[in-house]
$ cat input_1.cif   # mmCIF, C-alpha atoms and all ligand atoms
data_start
#
loop_
_atom_site.group_PDB
_atom_site.id
_atom_site.type_symbol
_atom_site.label_atom_id
_atom_site.label_comp_id
_atom_site.auth_asym_id
_atom_site.auth_seq_id
_atom_site.Cartn_x
_atom_site.Cartn_y
_atom_site.Cartn_z
ATOM 1 C CA MET V 1 142.625 364.267 218.285
ATOM 2 C CA THR V 2 144.315 361.618 216.195
ATOM 3 C CA HIS V 3 146.481 364.269 214.529
ATOM 4 C CA LYS V 4 147.631 365.285 218.015
ATOM 5 C CA VAL V 5 148.468 361.673 218.893
ATOM 6 C CA LYS V 6 150.383 361.334 215.640
ATOM 7 C CA ASN V 7 152.360 364.513 216.233
ATOM 8 C CA LYS V 8 153.066 363.582 219.834
ATOM 9 C CA THR V 9 154.309 360.128 218.819
ATOM 10 C CA SER V 10 156.530 361.466 216.069
ATOM 11 C CA SER V 11 157.960 364.162 218.326
ATOM 12 C CA ILE V 12 158.846 361.550 220.992
ATOM 13 C CA HIS V 13 160.535 359.484 218.291
ATOM 14 C CA GLN V 14 162.440 362.496 217.007
ATOM 15 C CA ARG V 15 163.682 363.298 220.504
ATOM 16 C CA ILE V 16 164.794 359.680 221.079
ATOM 17 C CA LEU V 17 166.557 359.610 217.702
ATOM 18 C CA LYS V 18 168.319 362.924 218.382
ATOM 19 C CA LEU V 19 169.483 361.737 221.780
ATOM 20 C CA ALA V 20 170.571 358.364 220.386
ATOM 21 C CA ASN V 21 172.638 359.982 217.654
ATOM 22 C CA LYS V 22 174.163 362.434 220.113
ATOM 23 C CA THR V 23 175.119 359.802 222.681
ATOM 24 C CA LYS V 24 175.766 356.944 220.179
ATOM 25 C CA ASN V 25 173.488 354.837 222.384
ATOM 26 C CA THR V 26 172.560 351.706 220.408
ATOM 27 C CA LYS V 27 169.638 350.796 222.701
ATOM 28 C CA LEU V 28 168.059 354.200 222.053
ATOM 29 C CA LEU V 29 168.724 353.884 218.322
ATOM 30 C CA LYS V 30 166.895 350.540 218.351
ATOM 31 C CA LEU V 31 163.955 352.072 220.228
ATOM 32 C CA ALA V 32 163.715 354.929 217.733
ATOM 33 C CA SER V 33 163.498 352.477 214.822
ATOM 34 C CA ARG V 34 160.463 350.638 216.254
ATOM 35 C CA LYS V 35 156.845 351.585 215.480
ATOM 36 C CA GLU V 36 154.234 352.302 218.146
ATOM 37 C CA VAL V 37 150.506 351.615 217.995
ATOM 38 C CA LYS V 38 148.671 354.902 217.425
ATOM 39 C CA ASP V 39 145.318 355.672 218.978
ATOM 40 C CA PHE V 40 142.467 355.884 216.441
ATOM 41 C CA LEU V 41 139.644 355.469 218.960
ATOM 42 C CA ASP V 42 138.072 358.802 217.959
ATOM 43 C CA LEU V 43 137.407 357.357 214.493
ATOM 44 C CA ARG V 44 135.356 354.436 215.824
ATOM 45 C CA ASP V 45 132.092 356.295 215.189
ATOM 46 C CA ASN V 46 132.458 356.958 211.469
ATOM 47 C CA PRO V 47 130.149 357.043 208.433
ATOM 48 C CA ILE V 48 131.848 354.274 206.440
ATOM 49 C CA VAL V 49 132.143 351.136 208.584
ATOM 50 C CA SER V 50 130.516 349.769 211.748
ATOM 51 C CA GLU V 51 132.184 349.800 215.156
ATOM 52 C CA GLU V 52 132.393 346.003 214.989
ATOM 53 C CA LEU V 53 134.339 346.137 211.736
ATOM 54 C CA PHE V 54 136.446 349.067 212.910
ATOM 55 C CA ASP V 55 137.497 347.257 216.105
ATOM 56 C CA ALA V 56 138.453 344.136 214.156
ATOM 57 C CA HIS V 57 140.448 346.279 211.715
ATOM 58 C CA ILE V 58 142.320 348.052 214.512
ATOM 59 C CA GLY V 59 143.205 344.617 215.906
ATOM 60 C CA LEU V 60 144.773 343.681 212.561
ATOM 61 C CA TYR V 61 146.689 346.973 212.470
ATOM 62 C CA GLU V 62 148.049 346.353 215.977
ATOM 63 C CA GLY V 63 149.145 342.907 214.783
ATOM 64 C CA TYR V 64 151.197 344.511 212.001
ATOM 65 C CA VAL V 65 152.929 346.839 214.471
ATOM 66 C CA LYS V 66 153.777 343.831 216.639
ATOM 67 C CA ALA V 67 154.952 341.754 213.648
ATOM 68 C CA LEU V 68 157.150 344.577 212.350
ATOM 69 C CA ASN V 69 158.848 345.106 215.691
ATOM 70 C CA SER V 70 159.310 341.347 216.160
ATOM 71 C CA ILE V 71 160.979 341.036 212.751
ATOM 72 C CA LEU V 72 163.269 343.992 213.480
ATOM 73 C CA ASP V 73 164.219 342.510 216.866
ATOM 74 C CA ARG V 74 164.869 339.086 215.348
ATOM 75 C CA LEU V 75 166.984 340.543 212.531
ATOM 76 C CA ASP V 76 169.141 342.220 215.171
ATOM 77 C CA ASP V 77 169.666 338.918 216.962
ATOM 78 C CA ILE V 78 170.319 336.300 214.290
ATOM 79 C CA SER V 79 173.251 335.473 212.061
ATOM 80 C CA LYS V 80 173.640 337.279 208.754
ATOM 81 C CA ASP V 81 175.876 334.451 207.473
ATOM 82 C CA LYS V 82 173.441 331.613 206.756
ATOM 83 C CA VAL V 83 171.592 333.367 203.995
ATOM 84 C CA GLY V 84 170.355 332.582 200.518
ATOM 85 C CA TYR V 85 167.465 332.704 198.113
ATOM 86 C CA SER V 86 166.084 329.258 199.013
ATOM 87 C CA TYR V 87 166.961 328.990 202.713
ATOM 88 C CA GLY V 88 167.900 331.184 205.638
ATOM 89 C CA GLU V 89 165.938 332.801 208.458
ATOM 90 C CA TYR V 90 167.607 336.172 207.950
ATOM 91 C CA SER V 91 166.858 336.035 204.216
ATOM 92 C CA GLU V 92 163.209 335.123 204.742
ATOM 93 C CA LEU V 93 162.628 337.830 207.345
ATOM 94 C CA LYS V 94 164.198 340.365 204.992
ATOM 95 C CA ARG V 95 161.788 339.204 202.286
ATOM 96 C CA ARG V 96 158.812 339.806 204.607
ATOM 97 C CA LEU V 97 159.978 343.059 206.243
ATOM 98 C CA ALA V 98 158.091 345.356 203.874
ATOM 99 C CA VAL V 99 154.814 343.489 204.530
ATOM 100 C CA PRO V 100 154.249 344.587 208.137
ATOM 101 C CA TYR V 101 156.045 347.898 207.516
ATOM 102 C CA ASN V 102 153.609 348.908 204.777
ATOM 103 C CA GLY V 103 150.815 347.211 206.725
ATOM 104 C CA VAL V 104 151.396 349.724 209.509
ATOM 105 C CA VAL V 105 151.968 352.835 207.396
ATOM 106 C CA LEU V 106 149.127 352.258 204.912
ATOM 107 C CA HIS V 107 146.622 351.518 207.687
ATOM 108 C CA GLU V 108 147.580 354.696 209.562
ATOM 109 C CA LEU V 109 147.051 356.769 206.412
ATOM 110 C CA TYR V 110 143.792 354.935 205.633
ATOM 111 C CA PHE V 111 142.231 355.287 209.091
ATOM 112 C CA MET V 112 142.485 359.079 208.819
ATOM 113 C CA HIS V 113 140.116 358.906 205.828
ATOM 114 C CA LEU V 114 137.368 357.464 208.048
ATOM 115 C CA LEU V 115 136.766 360.926 209.462
ATOM 116 C CA PRO V 116 133.483 362.361 208.146
ATOM 117 C CA GLY V 117 134.445 364.369 205.072
ATOM 118 C CA LYS V 118 134.350 368.120 205.468
ATOM 119 C CA GLN V 119 135.936 369.233 202.209
ATOM 120 C CA LYS V 120 134.028 367.348 199.535
ATOM 121 C CA GLU V 121 135.998 368.688 196.576
ATOM 122 C CA PRO V 122 139.698 369.305 196.024
ATOM 123 C CA THR V 123 140.976 372.865 195.822
ATOM 124 C CA GLY V 124 144.293 374.587 195.075
ATOM 125 C CA GLU V 125 147.292 372.476 194.073
ATOM 126 C CA LEU V 126 145.428 369.195 194.606
ATOM 127 C CA GLU V 127 142.621 370.249 192.263
ATOM 128 C CA LYS V 128 145.183 371.344 189.672
ATOM 129 C CA LEU V 129 147.021 368.008 189.778
ATOM 130 C CA ILE V 130 143.782 365.994 189.674
ATOM 131 C CA ASN V 131 142.574 367.954 186.654
ATOM 132 C CA GLN V 132 145.931 367.544 184.919
ATOM 133 C CA ARG V 133 145.823 363.760 185.312
ATOM 134 C CA TRP V 134 142.115 362.918 185.049
ATOM 135 C CA ASN V 135 140.556 366.070 183.539
ATOM 136 C CA ASN V 136 138.197 366.528 186.475
ATOM 137 C CA LEU V 137 137.140 365.128 189.864
ATOM 138 C CA GLU V 138 134.697 362.690 188.259
ATOM 139 C CA GLY V 139 137.580 361.233 186.226
ATOM 140 C CA TYR V 140 139.650 360.767 189.393
ATOM 141 C CA ILE V 141 136.771 359.114 191.286
ATOM 142 C CA LYS V 142 136.055 356.803 188.374
ATOM 143 C CA ASP V 143 139.705 355.722 188.253
ATOM 144 C CA VAL V 144 139.890 355.094 192.033
ATOM 145 C CA LYS V 145 136.684 353.056 191.818
ATOM 146 C CA SER V 146 137.769 350.985 188.815
ATOM 147 C CA THR V 147 141.170 350.340 190.410
ATOM 148 C CA GLY V 148 139.532 349.328 193.704
ATOM 149 C CA ILE V 149 137.105 346.922 192.078
ATOM 150 C CA SER V 150 140.113 345.338 190.339
ATOM 151 C CA ALA V 151 141.816 344.676 193.681
ATOM 152 C CA GLY V 152 141.930 341.272 195.311
ATOM 153 C CA ASN V 153 143.629 341.656 198.651
ATOM 154 C CA GLY V 154 145.250 345.031 198.329
ATOM 155 C CA TRP V 155 145.005 348.787 198.307
ATOM 156 C CA VAL V 156 144.310 351.709 196.024
ATOM 157 C CA VAL V 157 146.838 354.430 196.633
ATOM 158 C CA THR V 158 146.891 357.849 194.996
ATOM 159 C CA VAL V 159 150.527 358.845 194.838
ATOM 160 C CA TYR V 160 152.370 362.032 194.056
ATOM 161 C CA ASP V 161 155.246 361.340 191.668
ATOM 162 C CA PRO V 162 157.936 363.945 192.420
ATOM 163 C CA ILE V 163 159.867 363.189 189.215
ATOM 164 C CA LEU V 164 156.938 363.709 186.844
ATOM 165 C CA ASN V 165 155.173 366.181 189.196
ATOM 166 C CA GLN V 166 151.917 364.325 188.725
ATOM 167 C CA LEU V 167 149.430 362.096 190.507
ATOM 168 C CA ASP V 168 148.441 358.535 189.693
ATOM 169 C CA ASN V 169 146.448 355.675 191.208
ATOM 170 C CA TYR V 170 148.242 352.415 191.910
ATOM 171 C CA LEU V 171 146.874 349.030 192.903
ATOM 172 C CA ILE V 172 149.047 347.613 195.676
ATOM 173 C CA THR V 173 148.761 343.850 196.120
ATOM 174 C CA GLU V 174 149.035 342.591 199.721
ATOM 175 C CA HIS V 175 150.848 345.558 201.305
ATOM 176 C CA HIS V 176 154.125 345.631 199.445
ATOM 177 C CA ILE V 177 153.737 344.523 195.832
ATOM 178 C CA GLY V 178 153.402 347.154 193.151
ATOM 179 C CA PHE V 179 154.347 350.282 195.061
ATOM 180 C CA PRO V 180 155.989 352.802 192.693
ATOM 181 C CA ALA V 181 159.481 353.683 193.915
ATOM 182 C CA GLY V 182 160.008 357.261 195.013
ATOM 183 C CA CYS V 183 156.302 358.136 195.001
ATOM 184 C CA ILE V 184 154.439 359.490 198.032
ATOM 185 C CA PRO V 185 150.986 358.194 199.082
ATOM 186 C CA ILE V 186 148.446 360.980 199.585
ATOM 187 C CA MET V 187 145.175 358.975 199.468
ATOM 188 C CA VAL V 188 144.967 355.394 200.713
ATOM 189 C CA MET V 189 141.942 353.105 200.398
ATOM 190 C CA ASP V 190 142.009 349.654 201.979
ATOM 191 C CA CYS V 191 140.408 347.161 199.577
ATOM 192 C CA TRP V 192 141.194 343.975 201.491
ATOM 193 C CA GLU V 193 137.995 342.062 202.254
ATOM 194 C CA HIS V 194 138.534 342.614 205.978
ATOM 195 C CA ALA V 195 138.031 346.359 205.334
ATOM 196 C CA PHE V 196 134.389 345.918 204.253
ATOM 197 C CA ALA V 197 133.055 342.328 204.352
ATOM 198 C CA ILE V 198 131.482 342.435 207.855
ATOM 199 C CA ASP V 199 129.282 345.359 206.743
ATOM 200 C CA TYR V 200 129.075 345.103 202.965
ATOM 201 C CA LYS V 201 129.453 341.316 202.489
ATOM 202 C CA THR V 202 130.803 340.841 198.940
ATOM 203 C CA ASP V 203 129.662 344.281 197.757
ATOM 204 C CA ARG V 204 133.058 345.901 197.326
ATOM 205 C CA GLU V 205 131.636 348.550 194.984
ATOM 206 C CA THR V 206 129.204 350.009 197.554
ATOM 207 C CA TYR V 207 131.985 350.153 200.164
ATOM 208 C CA ILE V 208 134.194 352.046 197.702
ATOM 209 C CA GLU V 209 131.366 354.453 196.849
ATOM 210 C CA LYS V 210 130.710 355.117 200.541
ATOM 211 C CA PHE V 211 134.421 355.679 201.136
ATOM 212 C CA LEU V 212 134.669 358.136 198.245
ATOM 213 C CA GLU V 213 131.478 359.978 199.245
ATOM 214 C CA ASN V 214 133.055 360.696 202.625
ATOM 215 C CA LEU V 215 136.588 361.422 201.475
ATOM 216 C CA ASP V 216 137.886 364.643 203.010
ATOM 217 C CA TYR V 217 140.034 366.303 200.340
ATOM 218 C CA ASP V 218 141.599 368.547 202.973
ATOM 219 C CA ILE V 219 143.355 365.500 204.430
ATOM 220 C CA VAL V 220 144.610 364.498 200.974
ATOM 221 C CA ALA V 221 145.713 368.090 200.287
ATOM 222 C CA SER V 222 147.479 368.306 203.665
ATOM 223 C CA ARG V 223 149.772 365.437 202.607
ATOM 224 C CA LEU V 224 150.687 367.315 199.433
ATOM 225 C CA LYS V 225 151.279 370.438 201.501
ATOM 226 C CA GLU V 226 153.655 368.527 203.808
ATOM 227 C CA LEU V 227 155.706 367.663 200.717
ATOM 228 C CA GLU V 228 155.789 371.302 199.625
ATOM 229 C CA ASP V 229 156.860 372.376 203.115
ATOM 230 C CA ASP V 230 159.641 369.761 203.095
ATOM 231 C CA LYS V 231 161.025 371.294 199.895
ATOM 232 C CA VAL V 232 161.504 374.681 201.580
HETATM 233 FE FE FE V 301 143.277 346.603 206.464
#
$ encode --input "input_1.cif" --output "C-alpha cells" --more "lines below"
Ligand SMILES: [Fe+2]
Amino acid sequence: MTHKVKNKTSSIHQRILKLANKTKNTKLLKLASRKEVKDFLDLRDNPIVSEELFDAHIGLYEGYVKALNSILDRLDDISKDKVGYSYGEYSELKRRLAVPYNGVVLHELYFMHLLPGKQKEPTGELEKLINQRWNNLEGYIKDVKSTGISAGNGWVVTVYDPILNQLDNYLITEHHIGFPAGCIPIMVMDCWEHAFAIDYKTDRETYIEKFLENLDYDIVASRLKELEDDKV
C-alpha cells in the first residue's frame, strides 16, 4: 500500500516536472521541487513500536515536510545580497536546508522498515556485499547495533558506496551531519530518542534489537536493485 502511495506521488511529481520543463512554467517548477507528506497509515500496526509512538513520530515527520517547504518558499522570496557567515537570513536558511530535507527522506526510508519482516536473511547481491564487508550477517548486525548504541540524536544508515562498490554503516548526527558524499542509503534506522523512548524508555539497545529482528532484507535489497536498474 505504502509502495503504491510512494509510486503515485513520485509519478505525479515527474509529470509536473516534465510539464514545467516543457512549458518553462516557473510556478510548476516550484511545485515540483516541494515535498509532499506520504501516507504511512498502514504501518501503524507494526511489531516494533506502539501506535502511540508511531502517531507521534508521523507528526514529527509531517513537521519536517512543512519546515522544508517553508524554507524553500522563503529562500525564493528573500534577498540573496545580505549574506554572510555570521549574519543573514538567506545564509542561515541555507545552513539549515539539509536538516528538514534529510529529516523527510530518512524518515520515509525508515518507516518502510516497520513492516513485519518477511525475508529474515539477505540473499543475492546484498548477501554478497554484506559478507564482503562484515564476513557474515552476524557481523553486519553487530556493527549496526554498536553504531546505534553510539548514537545520541541521530541515525544508523547502511550505505552503498558506488566508488568502492561496498557497503558501510554510518552514524548520522541530527539528520545532516556525517553523511558520506555520493553514497546511497539502503537501510535506515532512526536512533533519536523520539523513535523509541515512549515504549522502551532509555533502553535503546532493546529497541535496536527489536528493529533488527524485524528487518525485512527484501526491502534493503530492493534499494540496491533500484541502483542496478538505474545503471542500465
Ligand atoms: Fe524520527
$ closest_residue --input "input_1.cif" --among "V:Asn69, V:Ser91, V:Asn169, V:Asn153" --to "ligand FE 301 (chain V)" --atoms "all atoms listed in the file"
V:Asn153
$ closest_residue --input "input_1.cif" --among "V:Glu121, V:Tyr200, V:Asp81, V:Leu19" --to "V:Leu31" --atoms "all atoms listed in the file"
V:Leu19
$ closest_residue --input "input_1.cif" --among "V:Asp218, V:Glu89, V:Glu174, V:Glu205" --to "ligand FE 301 (chain V)" --atoms "all atoms listed in the file"
V:Glu174
$ closest_residue --input "input_1.cif" --among "V:Glu138, V:Glu108, V:Glu127, V:Asp203" --to "ligand FE 301 (chain V)" --atoms "all atoms listed in the file"
V:Glu108
$ atom_distance --input "input_1.cif" --atom1 "atom CA of V:Gly117" --atom2 "atom CA of V:Leu137"
15.5 Å
$ residues_near_ligand --input "input_1.cif" --ligand "ligand FE 301 (chain V)" --cutoff "7 Å" --atoms "all atoms listed in the file" --output "ChimeraX atom specification"
/V:57,60-61,107,190,192,194-195
$ write_last_selection --input "input_1.cif" --atoms "C-alpha atoms" --output "compact mmCIF listing (two decimals), keeping the file's coordinate frame"
# COMPACT_ATOMS: atom_id res chain seq x y z
CA HIS V 57 140.45 346.28 211.72
CA LEU V 60 144.77 343.68 212.56
CA TYR V 61 146.69 346.97 212.47
CA HIS V 107 146.62 351.52 207.69
CA ASP V 190 142.01 349.65 201.98
CA TRP V 192 141.19 343.98 201.49
CA HIS V 194 138.53 342.61 205.98
CA ALA V 195 138.03 346.36 205.33
$ resolve_selection --input "input_1.cif" --expression "the PyMOL selection byres (((chain V and resi 33-47) around 8) and not hetatm)" --output "PDB file with C-alpha atoms, in the coordinates of the input"
ATOM      1  CA  MET V   1     142.625 364.267 218.285  1.00  0.00           C
ATOM      2  CA  THR V   2     144.315 361.618 216.195  1.00  0.00           C
ATOM      3  CA  VAL V   5     148.468 361.673 218.893  1.00  0.00           C
ATOM      4  CA  LYS V   6     150.383 361.334 215.640  1.00  0.00           C
ATOM      5  CA  THR V   9     154.309 360.128 218.819  1.00  0.00           C
ATOM      6  CA  LEU V  29     168.724 353.884 218.322  1.00  0.00           C
ATOM      7  CA  LYS V  30     166.895 350.540 218.351  1.00  0.00           C
ATOM      8  CA  LEU V  31     163.955 352.072 220.228  1.00  0.00           C
ATOM      9  CA  ALA V  32     163.715 354.929 217.733  1.00  0.00           C
ATOM     10  CA  ILE V  48     131.848 354.274 206.440  1.00  0.00           C
ATOM     11  CA  VAL V  49     132.143 351.136 208.584  1.00  0.00           C
ATOM     12  CA  SER V  50     130.516 349.769 211.748  1.00  0.00           C
ATOM     13  CA  GLU V  51     132.184 349.800 215.156  1.00  0.00           C
ATOM     14  CA  PHE V  54     136.446 349.067 212.910  1.00  0.00           C
ATOM     15  CA  ASP V  55     137.497 347.257 216.105  1.00  0.00           C
ATOM     16  CA  GLU V  62     148.049 346.353 215.977  1.00  0.00           C
ATOM     17  CA  VAL V  65     152.929 346.839 214.471  1.00  0.00           C
ATOM     18  CA  LEU V  68     157.150 344.577 212.350  1.00  0.00           C
ATOM     19  CA  ASN V  69     158.848 345.106 215.691  1.00  0.00           C
ATOM     20  CA  LEU V  72     163.269 343.992 213.480  1.00  0.00           C
ATOM     21  CA  GLU V 108     147.580 354.696 209.562  1.00  0.00           C
ATOM     22  CA  PHE V 111     142.231 355.287 209.091  1.00  0.00           C
ATOM     23  CA  MET V 112     142.485 359.079 208.819  1.00  0.00           C
ATOM     24  CA  LEU V 114     137.368 357.464 208.048  1.00  0.00           C
ATOM     25  CA  LEU V 115     136.766 360.926 209.462  1.00  0.00           C
ATOM     26  CA  PRO V 116     133.483 362.361 208.146  1.00  0.00           C
ATOM     27  CA  ASN V 214     133.055 360.696 202.625  1.00  0.00           C
TER      28      ASN V 214
END
$ atom_distance --input "input_1.cif" --atom1 "atom CA of V:Cys183" --atom2 "atom CA of V:Pro162"
6.6 Å
$ closest_residue --input "input_1.cif" --among "V:Lys66, V:Lys210, V:His113, V:Arg204" --to "V:Pro100" --atoms "all atoms listed in the file"
V:Lys66
$ resolve_selection --input "input_1.cif" --expression "the PyMOL selection byres (((chain V and resi 166) around 10) and not hetatm)" --output "number ranges by chain"
V: 128-130, 132-133, 159-165, 167-168, 183
$ axis_aligned_box --input "input_1.cif" --around "stretch 132-142 of chain V" --padding-each-side "4 Å" --output "lines of an AutoDock Vina configuration file"
center_x = 140.3
center_y = 362.2
center_z = 187.4
size_x = 19.2
size_y = 18.7
size_z = 15.7
$ residues_around --input "input_1.cif" --residues "V:Leu109" --least-positions-apart "4" --cutoff "9 Å" --atoms "only C-alpha atoms" --output "PyMOL selection string"
chain V and resi 104-105+113+185-189
$ write_last_selection --input "input_1.cif" --atoms "C-alpha atoms" --output "short mmCIF file (atom, residue, chain, number, x, y, z; two decimals), in the coordinates of the input"
data_model
loop_
_atom_site.label_atom_id
_atom_site.label_comp_id
_atom_site.auth_asym_id
_atom_site.auth_seq_id
_atom_site.Cartn_x
_atom_site.Cartn_y
_atom_site.Cartn_z
CA VAL V 104 151.40 349.72 209.51
CA VAL V 105 151.97 352.84 207.40
CA HIS V 113 140.12 358.91 205.83
CA PRO V 185 150.99 358.19 199.08
CA ILE V 186 148.45 360.98 199.58
CA MET V 187 145.18 358.98 199.47
CA VAL V 188 144.97 355.39 200.71
CA MET V 189 141.94 353.10 200.40
#
$ resolve_selection --input "input_1.cif" --expression "the PyMOL selection byres (((chain V and resi 96) around 12) and not hetatm)" --output "mmCIF file with C-alpha atoms, in the frame of the given file"
data_model
loop_
_atom_site.group_PDB
_atom_site.id
_atom_site.type_symbol
_atom_site.label_atom_id
_atom_site.label_comp_id
_atom_site.auth_asym_id
_atom_site.auth_seq_id
_atom_site.Cartn_x
_atom_site.Cartn_y
_atom_site.Cartn_z
ATOM 1 C CA TYR V 64 151.197 344.511 212.001
ATOM 2 C CA ALA V 67 154.952 341.754 213.648
ATOM 3 C CA LEU V 68 157.150 344.577 212.350
ATOM 4 C CA SER V 70 159.310 341.347 216.160
ATOM 5 C CA ILE V 71 160.979 341.036 212.751
ATOM 6 C CA LEU V 72 163.269 343.992 213.480
ATOM 7 C CA LEU V 75 166.984 340.543 212.531
ATOM 8 C CA GLU V 89 165.938 332.801 208.458
ATOM 9 C CA TYR V 90 167.607 336.172 207.950
ATOM 10 C CA SER V 91 166.858 336.035 204.216
ATOM 11 C CA GLU V 92 163.209 335.123 204.742
ATOM 12 C CA LEU V 93 162.628 337.830 207.345
ATOM 13 C CA LYS V 94 164.198 340.365 204.992
ATOM 14 C CA ARG V 95 161.788 339.204 202.286
ATOM 15 C CA LEU V 97 159.978 343.059 206.243
ATOM 16 C CA ALA V 98 158.091 345.356 203.874
ATOM 17 C CA VAL V 99 154.814 343.489 204.530
ATOM 18 C CA PRO V 100 154.249 344.587 208.137
ATOM 19 C CA TYR V 101 156.045 347.898 207.516
ATOM 20 C CA ASN V 102 153.609 348.908 204.777
ATOM 21 C CA GLY V 103 150.815 347.211 206.725
ATOM 22 C CA GLU V 174 149.035 342.591 199.721
ATOM 23 C CA HIS V 175 150.848 345.558 201.305
ATOM 24 C CA HIS V 176 154.125 345.631 199.445
ATOM 25 C CA ILE V 177 153.737 344.523 195.832
#
$ closest_residue --input "input_1.cif" --among "V:Tyr87, V:Lys27, V:Ser222, V:Asn21" --to "V:Glu125" --atoms "all atoms listed in the file"
V:Ser222
$ atom_distance --input "input_1.cif" --atom1 "atom CA of V:Val156" --atom2 "atom CA of V:Cys191"
7.0 Å
$ residues_around --input "input_1.cif" --residues "stretch 179-181 of chain V" --least-positions-apart "6" --cutoff "8 Å" --atoms "all atoms listed in the file" --output "MDAnalysis selection string"
chainID V and resid 170:172
$ decode --input "input_1.cif" --residues "stretch 38-44 of chain V" --atoms "all heavy atoms" --output "CSV table (one decimal), in the first residue's frame"
chain,number,residue,atom,x,y,z
V,38,LYS,N,3.7,11.8,2.8
V,38,LYS,CA,3.3,10.4,2.3
V,38,LYS,C,2.5,9.7,3.3
V,38,LYS,O,2.6,10.0,4.5
V,38,LYS,CB,4.5,9.6,1.9
V,38,LYS,CG,5.2,10.2,0.6
V,38,LYS,CD,6.4,9.3,0.2
V,38,LYS,CE,7.0,10.0,-1.0
V,38,LYS,NZ,8.3,9.4,-1.3
V,39,ASP,N,1.6,8.8,2.9
V,39,ASP,CA,0.7,8.2,3.8
V,39,ASP,C,1.4,6.8,4.3
V,39,ASP,O,1.6,5.9,3.5
V,39,ASP,CB,-0.6,7.9,3.1
V,39,ASP,CG,-1.6,7.2,4.0
V,39,ASP,OD1,-1.3,7.0,5.2
V,39,ASP,OD2,-2.7,6.8,3.5
V,40,PHE,N,1.6,6.8,5.6
V,40,PHE,CA,2.2,5.5,6.2
V,40,PHE,C,1.2,4.9,7.1
V,40,PHE,O,1.7,4.1,8.0
V,40,PHE,CB,3.5,5.9,6.9
V,40,PHE,CG,4.6,6.3,6.0
V,40,PHE,CD1,4.9,7.7,5.8
V,40,PHE,CD2,5.3,5.4,5.2
V,40,PHE,CE1,5.9,8.1,5.0
V,40,PHE,CE2,6.3,5.8,4.3
V,40,PHE,CZ,6.6,7.2,4.2
V,41,LEU,N,0.0,5.2,7.0
V,41,LEU,CA,-1.0,4.7,8.0
V,41,LEU,C,-1.1,3.2,8.1
V,41,LEU,O,-1.3,2.6,9.2
V,41,LEU,CB,-2.4,5.2,7.6
V,41,LEU,CG,-3.4,5.4,8.7
V,41,LEU,CD1,-2.9,6.3,9.8
V,41,LEU,CD2,-4.8,5.9,8.1
V,42,ASP,N,-0.8,2.5,7.0
V,42,ASP,CA,-0.8,1.0,7.0
V,42,ASP,C,0.3,0.4,7.9
V,42,ASP,O,0.3,-0.7,8.3
V,42,ASP,CB,-0.6,0.5,5.6
V,42,ASP,CG,-1.8,0.6,4.8
V,42,ASP,OD1,-2.8,1.1,5.3
V,42,ASP,OD2,-1.8,0.2,3.6
V,43,LEU,N,1.3,1.3,8.3
V,43,LEU,CA,2.4,0.8,9.1
V,43,LEU,C,2.1,1.0,10.6
V,43,LEU,O,3.0,0.7,11.4
V,43,LEU,CB,3.7,1.4,8.7
V,43,LEU,CG,4.0,1.3,7.2
V,43,LEU,CD1,5.4,2.0,6.9
V,43,LEU,CD2,4.1,-0.2,6.8
V,44,ARG,N,1.0,1.6,10.9
V,44,ARG,CA,0.6,1.9,12.3
V,44,ARG,C,0.7,0.7,13.2
V,44,ARG,O,1.2,0.7,14.3
V,44,ARG,CB,-0.7,2.6,12.3
V,44,ARG,CG,-1.0,3.3,13.6
V,44,ARG,CD,-2.2,4.2,13.4
V,44,ARG,NE,-2.4,5.0,14.6
V,44,ARG,CZ,-3.5,4.8,15.5
V,44,ARG,NH1,-4.3,3.9,15.2
V,44,ARG,NH2,-3.6,5.5,16.5
